[in-house]
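Below is the file query01.txt, which contains compact mmCIF, C-alpha atoms and all ligand atoms.
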# COMPACT_ATOMS: atom_id res chain seq x y z
CA MET P 14 19.82 -46.80 -47.64
CA THR P 15 21.86 -44.20 -49.55
CA ASP P 16 24.87 -42.72 -47.79
CA THR P 17 24.00 -39.11 -48.26
CA PHE P 18 20.77 -37.16 -48.27
CA LYS P 19 19.56 -33.64 -48.96
CA ALA P 20 18.96 -30.95 -46.34
CA LEU P 21 18.45 -27.19 -46.25
CA VAL P 22 21.13 -25.72 -44.00
CA LEU P 23 21.16 -22.20 -42.54
CA THR P 24 24.46 -20.50 -41.80
CA GLN P 25 25.32 -16.99 -40.74
CA GLU P 26 27.68 -14.96 -42.91
CA ASP P 27 28.52 -11.34 -42.05
CA GLY P 28 25.46 -11.21 -39.80
CA LYS P 29 23.17 -12.40 -42.61
CA THR P 30 21.29 -15.70 -42.77
CA VAL P 31 22.26 -17.81 -45.79
CA SER P 32 20.30 -20.93 -46.80
CA THR P 33 21.89 -23.68 -48.92
CA VAL P 34 20.67 -27.11 -49.98
CA LYS P 35 23.50 -29.51 -49.04
CA GLN P 36 24.28 -33.22 -49.08
CA LEU P 37 24.73 -34.56 -45.54
CA GLY P 38 25.48 -37.97 -44.01
CA ASN P 39 24.15 -39.63 -40.86
CA ASP P 40 27.32 -38.56 -39.02
CA ASP P 41 26.40 -34.91 -39.57
CA LEU P 42 23.12 -35.33 -37.69
CA PRO P 43 22.72 -34.41 -34.01
CA ASP P 44 22.45 -36.94 -31.17
CA GLY P 45 19.11 -38.57 -30.46
CA ASP P 46 17.54 -41.96 -29.86
CA VAL P 47 15.50 -42.11 -33.07
CA LEU P 48 16.67 -41.74 -36.68
CA LEU P 49 13.86 -40.79 -39.06
CA ALA P 50 13.28 -40.84 -42.79
CA VAL P 51 11.49 -37.52 -43.12
CA GLU P 52 8.77 -37.75 -45.74
CA TYR P 53 7.11 -34.35 -45.38
CA SER P 54 7.64 -31.12 -43.49
CA SER P 55 5.82 -27.81 -43.76
CA LEU P 56 6.37 -24.06 -43.87
CA ASN P 57 5.13 -22.02 -40.94
CA TYR P 58 5.43 -18.30 -40.22
CA LYS P 59 8.25 -19.09 -37.79
CA ASP P 60 10.13 -21.04 -40.49
CA GLY P 61 9.77 -18.00 -42.74
CA LEU P 62 11.35 -15.82 -40.07
CA ALA P 63 14.18 -18.34 -39.57
CA ILE P 64 15.04 -18.74 -43.28
CA THR P 65 14.86 -15.03 -44.12
CA GLY P 66 16.61 -14.01 -40.89
CA LYS P 67 13.78 -11.50 -40.27
CA GLY P 68 13.17 -12.84 -36.76
CA LYS P 69 15.56 -14.10 -34.11
CA ILE P 70 14.41 -17.69 -34.35
CA VAL P 71 17.67 -19.58 -34.93
CA ARG P 72 19.53 -20.36 -31.72
CA GLN P 73 22.21 -22.68 -33.11
CA TRP P 74 24.39 -22.30 -36.25
CA PRO P 75 24.51 -24.10 -38.59
CA LEU P 76 20.86 -25.17 -38.36
CA VAL P 77 18.55 -27.35 -40.39
CA PRO P 78 15.27 -25.41 -39.99
CA GLY P 79 11.72 -26.76 -40.19
CA ILE P 80 9.63 -26.78 -37.00
CA ASP P 81 7.51 -29.71 -38.24
CA LEU P 82 8.21 -33.11 -39.66
CA ALA P 83 6.48 -36.40 -40.36
CA GLY P 84 8.07 -39.64 -41.45
CA SER P 85 9.02 -43.15 -40.47
CA VAL P 86 11.50 -44.58 -37.99
CA LEU P 87 14.73 -45.94 -39.55
CA GLU P 88 16.61 -46.74 -36.32
CA SER P 89 15.53 -46.54 -32.68
CA THR P 90 17.01 -47.24 -29.25
CA SER P 91 13.81 -46.02 -27.60
CA PRO P 92 11.41 -48.62 -26.19
CA ASP P 93 8.52 -46.44 -27.42
CA TYR P 94 9.31 -46.53 -31.16
CA ALA P 95 10.21 -49.36 -33.53
CA VAL P 96 11.59 -49.36 -37.08
CA GLY P 97 8.84 -48.51 -39.53
CA ASP P 98 6.62 -46.59 -37.09
CA LYS P 99 5.06 -43.47 -38.56
CA VAL P 100 5.50 -40.38 -36.41
CA VAL P 101 4.86 -36.65 -36.31
CA LEU P 102 6.91 -33.98 -34.57
CA THR P 103 6.02 -30.33 -33.98
CA GLY P 104 7.54 -27.74 -31.66
CA TRP P 105 9.94 -28.46 -28.77
CA SER P 106 12.22 -25.78 -30.32
CA VAL P 107 13.02 -28.13 -33.21
CA GLY P 108 13.89 -25.94 -36.20
CA GLU P 109 15.01 -23.22 -33.77
CA LYS P 110 17.44 -24.67 -31.25
CA TYR P 111 17.55 -28.24 -32.60
CA TRP P 112 17.82 -29.50 -36.18
CA GLY P 113 14.43 -29.78 -37.86
CA GLY P 114 12.37 -31.09 -40.71
CA TYR P 115 14.01 -29.69 -43.87
CA SER P 116 16.16 -32.78 -44.28
CA GLN P 117 15.49 -36.18 -45.82
CA ARG P 118 16.80 -37.72 -42.60
CA GLN P 119 16.83 -36.41 -39.05
CA ARG P 120 17.86 -37.72 -35.66
CA VAL P 121 15.60 -36.62 -32.78
CA GLN P 122 14.62 -37.28 -29.16
CA SER P 123 11.83 -39.84 -28.89
CA GLN P 124 9.99 -37.78 -26.24
CA TRP P 125 9.31 -35.13 -28.89
CA LEU P 126 7.41 -37.59 -31.09
CA VAL P 127 3.73 -38.40 -31.37
CA PRO P 128 2.65 -41.60 -33.17
CA LEU P 129 0.80 -40.69 -36.36
CA PRO P 130 -2.87 -41.27 -35.54
CA ALA P 131 -4.74 -43.97 -37.47
CA GLY P 132 -6.61 -42.45 -40.39
CA MET P 133 -3.95 -39.85 -41.22
CA ASP P 134 -0.90 -40.14 -43.52
CA THR P 135 2.37 -38.19 -43.24
CA ARG P 136 1.43 -35.80 -46.03
CA GLN P 137 -1.89 -34.94 -44.38
CA ALA P 138 -0.08 -34.51 -41.06
CA MET P 139 2.16 -31.91 -42.64
CA ALA P 140 -0.71 -30.17 -44.41
CA ILE P 141 -1.81 -29.67 -40.81
CA GLY P 142 1.61 -29.12 -39.16
CA THR P 143 2.19 -26.76 -36.26
CA ALA P 144 -0.35 -24.35 -37.72
CA GLY P 145 -3.21 -26.86 -37.81
CA PHE P 146 -2.22 -28.42 -34.51
CA THR P 147 -2.34 -24.93 -32.96
CA ALA P 148 -5.73 -24.30 -34.55
CA MET P 149 -6.99 -27.51 -32.91
CA LEU P 150 -5.56 -26.45 -29.54
CA CYS P 151 -7.38 -23.11 -29.90
CA VAL P 152 -10.68 -24.87 -30.62
CA MET P 153 -10.18 -27.21 -27.63
CA THR P 154 -9.47 -24.13 -25.49
CA LEU P 155 -12.75 -22.51 -26.57
CA GLU P 156 -14.65 -25.73 -25.84
CA GLU P 157 -13.08 -25.94 -22.38
CA ALA P 158 -14.22 -22.36 -21.74
CA GLY P 159 -17.82 -23.39 -22.55
CA VAL P 160 -18.01 -21.85 -26.01
CA THR P 161 -20.38 -24.21 -27.80
CA PRO P 162 -21.96 -23.66 -31.24
CA ASP P 163 -25.29 -22.56 -29.69
CA LYS P 164 -23.59 -19.67 -27.86
CA GLY P 165 -23.11 -17.59 -31.03
CA PRO P 166 -20.58 -16.85 -33.77
CA VAL P 167 -16.84 -17.36 -33.47
CA VAL P 168 -14.43 -15.00 -35.22
CA VAL P 169 -11.10 -16.12 -36.70
CA THR P 170 -8.45 -13.49 -37.51
CA GLY P 171 -5.65 -13.92 -40.07
CA ALA P 172 -8.12 -16.33 -41.60
CA THR P 173 -6.29 -17.23 -44.81
CA GLY P 174 -3.11 -18.10 -42.88
CA GLY P 175 -2.14 -21.60 -41.80
CA VAL P 176 -3.65 -21.43 -38.32
CA GLY P 177 -6.61 -19.32 -39.40
CA SER P 178 -7.69 -21.41 -42.39
CA ILE P 179 -7.60 -24.67 -40.45
CA ALA P 180 -9.43 -23.06 -37.51
CA VAL P 181 -12.19 -21.95 -39.90
CA ALA P 182 -12.51 -25.49 -41.32
CA ILE P 183 -12.58 -27.21 -37.91
CA LEU P 184 -15.05 -24.77 -36.34
CA HIS P 185 -17.37 -25.09 -39.35
CA LYS P 186 -17.22 -28.91 -39.19
CA LEU P 187 -18.10 -28.75 -35.48
CA GLY P 188 -21.19 -26.68 -36.23
CA TYR P 189 -20.06 -23.18 -35.25
CA ARG P 190 -21.07 -20.15 -37.28
CA VAL P 191 -17.68 -18.73 -38.34
CA THR P 192 -16.74 -15.17 -39.25
CA ALA P 193 -13.37 -14.86 -40.97
CA VAL P 194 -11.23 -11.71 -40.90
CA SER P 195 -8.81 -11.36 -43.81
CA GLY P 196 -6.60 -8.74 -45.43
CA LYS P 197 -6.82 -10.51 -48.80
CA PRO P 198 -9.65 -9.03 -50.89
CA ASP P 199 -9.68 -12.01 -53.29
CA ALA P 200 -9.96 -14.67 -50.56
CA GLU P 201 -13.73 -14.70 -50.14
CA GLY P 202 -14.33 -17.85 -52.22
CA PHE P 203 -11.52 -19.73 -50.45
CA LEU P 204 -12.83 -18.78 -47.00
CA ARG P 205 -16.46 -19.58 -47.87
CA ASP P 206 -15.38 -22.98 -49.22
CA LEU P 207 -13.70 -23.67 -45.88
CA GLY P 208 -16.94 -22.84 -44.10
CA ALA P 209 -16.90 -19.13 -43.22
CA SER P 210 -20.41 -17.61 -43.20
CA GLU P 211 -19.24 -14.02 -43.07
CA ILE P 212 -16.03 -12.26 -44.11
CA LEU P 213 -14.77 -9.04 -42.53
CA THR P 214 -11.85 -6.97 -43.82
CA ARG P 215 -8.60 -6.56 -41.92
CA ASP P 216 -9.04 -2.77 -42.11
CA GLU P 217 -12.39 -2.70 -40.34
CA MET P 218 -11.15 -5.03 -37.59
CA SER P 219 -7.91 -3.05 -37.15
CA LYS P 220 -9.65 0.14 -35.99
CA PRO P 221 -8.77 0.90 -32.35
CA PRO P 222 -11.81 -0.12 -30.26
CA ARG P 223 -13.59 1.68 -27.45
CA PRO P 224 -13.18 -0.13 -24.11
CA LEU P 225 -16.44 -1.98 -24.81
CA GLU P 226 -18.01 -2.45 -28.24
CA GLY P 227 -21.27 -4.18 -29.23
CA GLN P 228 -21.19 -7.89 -28.29
CA ARG P 229 -20.64 -9.92 -31.46
CA TRP P 230 -18.57 -13.03 -30.66
CA ALA P 231 -19.12 -16.00 -28.38
CA GLY P 232 -15.50 -16.90 -29.00
CA ALA P 233 -12.46 -16.06 -31.07
CA VAL P 234 -9.30 -17.59 -32.47
CA ASP P 235 -6.79 -14.77 -32.83
CA THR P 236 -3.57 -15.20 -34.81
CA VAL P 237 -2.90 -11.47 -35.27
CA GLY P 238 -2.50 -9.79 -31.85
CA SER P 239 -2.19 -6.02 -31.35
CA THR P 240 -5.15 -3.73 -32.13
CA MET P 241 -7.13 -6.48 -33.84
CA LEU P 242 -6.98 -8.66 -30.74
CA ALA P 243 -7.98 -5.63 -28.63
CA ARG P 244 -11.01 -5.11 -30.90
CA VAL P 245 -11.98 -8.78 -30.76
CA ILE P 246 -11.83 -8.72 -26.94
CA ALA P 247 -13.94 -5.53 -26.79
CA GLU P 248 -16.55 -7.20 -29.06
CA THR P 249 -16.75 -10.52 -27.18
CA HIS P 250 -20.03 -11.57 -25.51
CA TYR P 251 -20.57 -11.81 -21.79
CA ASN P 252 -18.79 -15.05 -20.66
CA GLY P 253 -17.06 -15.41 -24.04
CA CYS P 254 -13.51 -16.60 -24.57
CA VAL P 255 -10.72 -15.46 -26.86
CA ALA P 256 -7.96 -17.97 -27.68
CA ALA P 257 -4.85 -15.97 -28.60
CA CYS P 258 -2.00 -17.77 -30.34
CA GLY P 259 -0.32 -15.38 -32.76
CA LEU P 260 1.30 -12.04 -33.45
CA ALA P 261 1.13 -11.68 -37.25
CA GLY P 262 0.02 -8.04 -36.74
CA GLY P 263 2.19 -7.25 -33.69
CA PHE P 264 2.98 -8.48 -30.19
CA ASP P 265 1.46 -5.56 -28.30
CA LEU P 266 -2.07 -5.58 -26.87
CA PRO P 267 -3.64 -2.12 -26.47
CA THR P 268 -6.69 -3.12 -24.44
CA THR P 269 -8.39 -2.21 -21.15
CA VAL P 270 -9.64 -4.33 -18.25
CA MET P 271 -13.28 -3.46 -19.06
CA PRO P 272 -14.23 -6.59 -21.09
CA PHE P 273 -12.71 -8.78 -18.38
CA ILE P 274 -14.31 -7.13 -15.33
CA LEU P 275 -17.68 -6.13 -16.82
CA ARG P 276 -18.33 -8.98 -19.27
CA ASN P 277 -16.50 -11.88 -17.68
CA VAL P 278 -14.56 -12.30 -20.92
CA SER P 279 -11.58 -14.61 -20.69
CA LEU P 280 -8.39 -14.39 -22.70
CA ARG P 281 -6.64 -17.74 -22.98
CA GLY P 282 -3.13 -18.08 -24.35
CA VAL P 283 -2.38 -21.05 -26.59
CA ASP P 284 1.13 -22.46 -26.95
CA SER P 285 1.96 -25.38 -29.22
CA VAL P 286 5.73 -25.59 -28.69
CA SER P 287 5.84 -26.98 -25.15
CA CYS P 288 2.36 -28.49 -25.12
CA PRO P 289 2.40 -31.70 -23.00
CA VAL P 290 2.46 -35.01 -24.87
CA GLU P 291 -0.96 -36.22 -23.68
CA ARG P 292 -2.66 -33.06 -24.96
CA ARG P 293 -0.72 -33.39 -28.22
CA LYS P 294 -2.06 -36.91 -28.71
CA GLN P 295 -5.60 -35.73 -27.98
CA ALA P 296 -5.30 -32.86 -30.45
CA TRP P 297 -3.88 -35.07 -33.25
CA GLN P 298 -6.69 -37.57 -32.65
CA ARG P 299 -9.26 -34.78 -32.83
CA LEU P 300 -7.73 -33.59 -36.12
CA VAL P 301 -8.55 -36.96 -37.71
CA SER P 302 -12.25 -36.59 -36.88
CA ASP P 303 -12.79 -32.81 -36.87
CA LEU P 304 -10.90 -31.55 -39.90
CA PRO P 305 -12.53 -32.50 -43.22
CA ALA P 306 -10.03 -34.15 -45.62
CA GLN P 307 -11.53 -32.04 -48.42
CA ALA P 308 -10.56 -28.84 -46.56
CA LEU P 309 -6.97 -30.10 -46.35
CA GLY P 310 -6.94 -30.50 -50.13
CA GLU P 311 -8.02 -26.88 -50.57
CA ILE P 312 -5.58 -25.56 -47.98
CA GLY P 313 -2.37 -27.33 -49.05
CA GLN P 314 0.17 -26.56 -51.79
CA VAL P 315 3.34 -28.67 -52.20
CA ALA P 316 6.91 -27.35 -52.44
CA ASN P 317 10.45 -28.77 -52.49
CA LEU P 318 13.51 -27.67 -50.49
CA GLU P 319 14.82 -25.46 -53.30
CA GLN P 320 11.60 -23.39 -53.32
CA LEU P 321 11.68 -22.61 -49.60
CA PRO P 322 13.73 -19.36 -49.60
CA GLU P 323 11.22 -17.71 -51.96
CA LEU P 324 8.20 -19.06 -50.07
CA ALA P 325 9.76 -17.98 -46.76
CA GLU P 326 9.89 -14.41 -48.02
CA LYS P 327 6.23 -14.66 -49.04
CA ILE P 328 4.97 -16.08 -45.74
CA THR P 329 6.70 -13.32 -43.77
CA ASN P 330 4.90 -10.81 -46.00
CA GLY P 331 1.51 -12.41 -45.26
CA ALA P 332 1.25 -13.48 -48.90
CA ILE P 333 0.64 -17.23 -48.53
CA ARG P 334 -2.85 -18.67 -48.55
CA GLY P 335 -3.34 -21.81 -46.49
CA ARG P 336 -0.49 -24.25 -45.92
CA VAL P 337 2.75 -25.11 -47.72
CA ILE P 338 3.66 -28.82 -47.49
CA VAL P 339 7.34 -29.60 -48.06
CA ASP P 340 7.90 -32.89 -49.93
CA LEU P 341 11.40 -34.08 -49.01
CA ASN P 342 11.44 -36.53 -51.93
CA ALA P 343 10.39 -34.00 -54.58
N1 LIG N 401 1.29 -20.02 -30.14
C1 LIG N 401 1.76 -20.95 -30.93
O1 LIG N 401 2.17 -22.03 -30.52
C2 LIG N 401 1.75 -20.69 -32.41
C3 LIG N 401 1.74 -21.76 -33.31
C4 LIG N 401 1.65 -21.47 -34.69
C5 LIG N 401 1.62 -20.16 -35.11
N2 LIG N 401 1.68 -19.16 -34.19
C6 LIG N 401 1.61 -17.77 -34.61
O2 LIG N 401 0.34 -17.54 -35.18
C7 LIG N 401 0.42 -16.59 -36.24
C8 LIG N 401 -0.13 -17.21 -37.50
O3 LIG N 401 0.69 -18.31 -37.90
P1 LIG N 401 0.49 -18.96 -39.34
O4 LIG N 401 1.42 -20.10 -39.43
O5 LIG N 401 -0.97 -19.11 -39.59
O6 LIG N 401 1.04 -17.77 -40.25
P2 LIG N 401 0.59 -17.37 -41.72
O7 LIG N 401 0.26 -18.56 -42.51
O8 LIG N 401 1.63 -16.42 -42.21
O9 LIG N 401 -0.77 -16.57 -41.48
C9 LIG N 401 -0.83 -15.34 -40.83
C10 LIG N 401 -2.00 -14.56 -41.43
O10 LIG N 401 -2.19 -13.37 -40.66
C11 LIG N 401 -2.64 -12.33 -41.52
N3 LIG N 401 -1.68 -11.22 -41.42
C12 LIG N 401 -0.41 -11.17 -41.88
N4 LIG N 401 0.16 -9.98 -41.60
C13 LIG N 401 -0.77 -9.28 -40.93
C14 LIG N 401 -0.78 -7.96 -40.37
N5 LIG N 401 0.28 -7.15 -40.44
N6 LIG N 401 -1.91 -7.55 -39.76
C15 LIG N 401 -2.99 -8.35 -39.67
N7 LIG N 401 -3.03 -9.61 -40.19
C16 LIG N 401 -1.93 -10.05 -40.80
C17 LIG N 401 -2.68 -12.90 -42.93
O11 LIG N 401 -4.00 -13.41 -43.13
P3 LIG N 401 -5.12 -12.57 -43.92
O12 LIG N 401 -4.43 -12.06 -45.16
O13 LIG N 401 -6.20 -13.55 -44.19
O14 LIG N 401 -5.52 -11.44 -43.03
C18 LIG N 401 -1.75 -14.09 -42.86
O15 LIG N 401 -2.04 -15.05 -43.84
C19 LIG N 401 1.90 -16.21 -36.32
O16 LIG N 401 2.11 -15.04 -35.57
C20 LIG N 401 2.61 -17.37 -35.69
O17 LIG N 401 3.85 -17.02 -35.15
C21 LIG N 401 1.74 -19.41 -32.86

Please express the file's structure as C-alpha cells.
Amino acid sequence: MTDTFKALVLTQEDGKTVSTVKQLGNDDLPDGDVLLAVEYSSLNYKDGLAITGKGKIVRQWPLVPGIDLAGSVLESTSPDYAVGDKVVLTGWSVGEKYWGGYSQRQRVQSQWLVPLPAGMDTRQAMAIGTAGFTAMLCVMTLEEAGVTPDKGPVVVTGATGGVGSIAVAILHKLGYRVTAVSGKPDAEGFLRDLGASEILTRDEMSKPPRPLEGQRWAGAVDTVGSTMLARVIAETHYNGCVAACGLAGGFDLPTTVMPFILRNVSLRGVDSVSCPVERRKQAWQRLVSDLPAQALGEIGQVANLEQLPELAEKITNGAIRGRVIVDLNA
C-alpha cells in the first residue's frame, strides 16, 4: 500500500471555493470504522454545485467532495464488512458535510455502506451513482402508487440528465411507454436509444399551465421542479402519480390544488440522501435486473480528478448528457 494517495480538496479563499488535487496520507482522513480503496466515484449536479461554489453544499472546510463512491474495504473494525468486500456509498451528506468520493482512499462509517450487489461491478455502480439510484427510487415510488405500464405513458423531465436518462432506460425496460422532455435539441437519438417513444421540448413543457390540462400521463419522474412540474401535475391522469426528486429548473412550485382534489393525483417526494438502508439494498438489487447494461454504456463517460472542475461547471449549466464516472486510478 503506498503511503500517499491523490484527492481533490476544496478550500475556501476570500469567500471563493478553490479546488486542488493534493497528495494525502491515511492520517489526513476523517474518523470511521472502514477504510476504503475508492475505485470509482461520479459527478452529480450537487457535486457540480459544491466544486464551483454555486450552491451552498459544502458544510465543512476543507472538504473532499464527491457524494458517491464505490470501492473495496482495506481495513475494517465493523462486524458487517471484511477486507476485500466491495461496497457502494451514496448520500448521508457525504461530499457535503463528510469527506467523499474524490479520493483514492476514504475512511467512512460502515452504516453508510451498501454491499455491492452480485452482478454489478464498481464502475457500473458509479455509472449509476446517486442519480441512477434516485431514478430507481422514483420508479419504485410510481409502482407503489399503482402506476403500471398498462395505465398509460410516463413522462420524464430533464431527460438527458443523470437521473432522467437512467429513469428513461429503467421505465422502458419495465415496459412503460416513456415520453422524454429535454432542452437539448440534438438529444433525440440518445433518448430514443435509451427507450423514449416520444420527445417533447423543454420550452413547450415550461409554459405555465391552466389549473387542469388534458390528461396525458399515468405517472411522471420530475427532476426539474418549478413551472415544468406544475405543468406535469396539471396533465396527470385521474389517480396518477408524480415522483418529484429535483430542482434543475427551480425550487418553486406554482401549482393549484385542482389536480389533487379533482383528479386524485398524488405528488410523492423522493429523497436519496437519508433513504433507509433496507430500501437502498432493494433499489440497488433492482438496478441489477431493471437497468440494461447496454444503456449504462451509452450513458457513461469517464473522467479523472483533474477534469472535474471543468465538468462541474458544465453540469451546473445543464450541459452534460448522461453520467460522468470518475476513475480514481486514471
Ligand atoms: N432528491 C434526491 O435525492 C436527488 C438525487 C439526485 C438528484 N437530485 C436532483 O435532481 C436533479 C437532477 O439531477 P441530475 O444529477 O440528473 O442532474 P443533471 O445531470 O445536471 O441533469 C439535470 C437535467 O435537467 C435539465 N435542466 C437543466 N437546467 C434546466 C432548467 N433550467 N430548466 C429545465 N431543465 C433543466 C437538463 O436536461 P435536458 O437538457 O434534457 O432538459 C439537465 O441535463 C437536480 O436538481 C438534483 O439536485 C435529487

Straight-line distance linking atom C9 of ligand LIG 401 (chain N) with atom CA of P:Thr170, stated in Å to one decimal: 8.5 Å

I'd like the interatomic distance between atom N5 of ligand LIG 401 (chain N) and atom CA of P:Arg334, to a tenth of an Å. 14.4 Å

Point out the residue among P:Met133, P:Glu109, P:Leu37, P:Ser85 with the least atom-to-atom distance to P:Gly61, counting all atoms listed in the file. P:Glu109

Out of P:Lys19, P:Lys197, P:Arg205, P:His185, which residue has the shortest atom-to-atom distance to ligand LIG 401 (chain N) when counting only C-alpha atoms and all ligand atoms?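 Closest to ligand LIG 401 (chain N) of all the choices is P:Lys197.
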
Which residues, written as a VMD selection string, have at least one atom at most 10 Å from P:Gly259, with only C-alpha atoms counted and residues fewer than 6 positions away on the same chain left out? chain P and resid 58 147 170 to 171 176 to 177 234 to 239 242 282 to 284

Give me a file of those residues, with C-alpha atoms, as a PDB file, in the frame of the given file.
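Listing of part_33.pdb after writing:
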ATOM      1  CA  TYR P  58       5.430 -18.300 -40.220  1.00  0.00           C
ATOM      2  CA  THR P 147      -2.340 -24.930 -32.960  1.00  0.00           C
ATOM      3  CA  THR P 170      -8.450 -13.490 -37.510  1.00  0.00           C
ATOM      4  CA  GLY P 171      -5.650 -13.920 -40.070  1.00  0.00           C
ATOM      5  CA  VAL P 176      -3.650 -21.430 -38.320  1.00  0.00           C
ATOM      6  CA  GLY P 177      -6.610 -19.320 -39.400  1.00  0.00           C
ATOM      7  CA  VAL P 234      -9.300 -17.590 -32.470  1.00  0.00           C
ATOM      8  CA  ASP P 235      -6.790 -14.770 -32.830  1.00  0.00           C
ATOM      9  CA  THR P 236      -3.570 -15.200 -34.810  1.00  0.00           C
ATOM     10  CA  VAL P 237      -2.900 -11.470 -35.270  1.00  0.00           C
ATOM     11  CA  GLY P 238      -2.500  -9.790 -31.850  1.00  0.00           C
ATOM     12  CA  SER P 239      -2.190  -6.020 -31.350  1.00  0.00           C
ATOM     13  CA  LEU P 242      -6.980  -8.660 -30.740  1.00  0.00           C
ATOM     14  CA  GLY P 282      -3.130 -18.080 -24.350  1.00  0.00           C
ATOM     15  CA  VAL P 283      -2.380 -21.050 -26.590  1.00  0.00           C
ATOM     16  CA  ASP P 284       1.130 -22.460 -26.950  1.00  0.00           C
TER      17      ASP P 284
END

Of the candidates P:Asp81, P:Glu157, P:Asp16, P:Glu323, which shows the shortest atom-to-atom distance to ligand LIG 401 (chain N), using all atoms listed in the file?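 Ranked by minimum distance to ligand LIG 401 (chain N), first place goes to P:Asp81.
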
Just checking: using only C-alpha atoms, which residue out of P:Asn39, P:Gln228, P:Ser54, P:Thr249 ends up closest to P:Arg136?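 Among the listed residues, the smallest separation from P:Arg136 belongs to P:Ser54.
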
Write out as an MDAnalysis selection string which residues come within 12 Å of P:Gly104 when counting all atoms listed in the file, dropping same-chain ones fewer than 3 positions away. chainID P and resid 57 59:60 78:82 101 107:114 124:127 142:144 146:147 284:290 293

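Atom CA of P:Glu291 is positioned 16.5 Å from atom CA of P:Val152.
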
Option closest in space to ligand LIG 401 (chain N), from P:Leu23, P:Val339, P:Val167, P:Leu204 [counting all atoms listed in the file]: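 Among P:Leu23, P:Val339, P:Val167, P:Leu204, it is P:Leu204 that comes nearest to ligand LIG 401 (chain N).
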
Using only C-alpha atoms, which of the listed residues (P:Met149, P:Val47, P:Ala256, P:Val191) sits closest to P:Ala209? P:Val191

Just want the 7 Å neighbourhood of P:Val337, counted on all atoms listed in the file, with same-chain residues fewer than 3 positions away dropped. Output as an NGL selection string. :P and (55-56 or 140 or 313-316)

Can you tell me, as a CSV table (one decimal) with C-alpha atoms, keeping the file's coordinate frame, what residues are no more than 9 Å from P:Pro221 when counting all atoms listed in the file, ignoring any on the same chain fewer than 2 positions away?
chain,number,residue,atom,x,y,z
P,218,MET,CA,-11.2,-5.0,-37.6
P,219,SER,CA,-7.9,-3.0,-37.2
P,223,ARG,CA,-13.6,1.7,-27.4
P,240,THR,CA,-5.2,-3.7,-32.1
P,241,MET,CA,-7.1,-6.5,-33.8
P,243,ALA,CA,-8.0,-5.6,-28.6
P,244,ARG,CA,-11.0,-5.1,-30.9
P,267,PRO,CA,-3.6,-2.1,-26.5

Which residues come within 6 Å of P:Ala182, counting all atoms listed in the file, excluding same-chain residues fewer than 3 positions away, as a list in words? Ile179, His185, Leu207 and Gly208 of chain P

Edge lengths and centre in Å to one decimal, as AutoDock Vina command-line options, of the axis-aligned box that encloses all listed atoms of stretch 157-169 of chain P with 6 Å added on every side?
--center_x -18.2 --center_y -20.5 --center_z -29.2 --size_x 26.2 --size_y 22.9 --size_z 27.0

Assuming the input is short of atoms at stretch 146-158 of chain P, produce N, CA and C atoms for that part as a compact mmCIF listing (two decimals), in the frame of the given file.
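Final file, rebuild35.txt:
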# COMPACT_ATOMS: atom_id res chain seq x y z
N PHE P 146 -2.24 -27.91 -35.88
CA PHE P 146 -2.22 -28.42 -34.51
C PHE P 146 -2.58 -27.28 -33.54
N THR P 147 -2.02 -26.09 -33.80
CA THR P 147 -2.34 -24.93 -32.96
C THR P 147 -3.80 -24.53 -33.11
N ALA P 148 -4.31 -24.61 -34.33
CA ALA P 148 -5.73 -24.30 -34.55
C ALA P 148 -6.60 -25.24 -33.71
N MET P 149 -6.23 -26.53 -33.71
CA MET P 149 -6.99 -27.51 -32.91
C MET P 149 -6.90 -27.19 -31.43
N LEU P 150 -5.70 -26.81 -30.96
CA LEU P 150 -5.56 -26.45 -29.54
C LEU P 150 -6.44 -25.24 -29.21
N CYS P 151 -6.53 -24.29 -30.14
CA CYS P 151 -7.38 -23.11 -29.90
C CYS P 151 -8.85 -23.53 -29.78
N VAL P 152 -9.29 -24.42 -30.67
CA VAL P 152 -10.68 -24.87 -30.62
C VAL P 152 -10.95 -25.62 -29.30
N MET P 153 -10.01 -26.47 -28.90
CA MET P 153 -10.18 -27.21 -27.63
C MET P 153 -10.25 -26.22 -26.46
N THR P 154 -9.47 -25.15 -26.55
CA THR P 154 -9.47 -24.13 -25.49
C THR P 154 -10.84 -23.44 -25.41
N LEU P 155 -11.40 -23.14 -26.57
CA LEU P 155 -12.75 -22.51 -26.57
C LEU P 155 -13.78 -23.47 -25.98
N GLU P 156 -13.69 -24.73 -26.37
CA GLU P 156 -14.65 -25.73 -25.84
C GLU P 156 -14.54 -25.81 -24.31
N GLU P 157 -13.30 -25.83 -23.83
CA GLU P 157 -13.08 -25.94 -22.38
C GLU P 157 -13.62 -24.71 -21.63
N ALA P 158 -13.69 -23.59 -22.35
CA ALA P 158 -14.22 -22.36 -21.74
C ALA P 158 -15.75 -22.29 -21.89
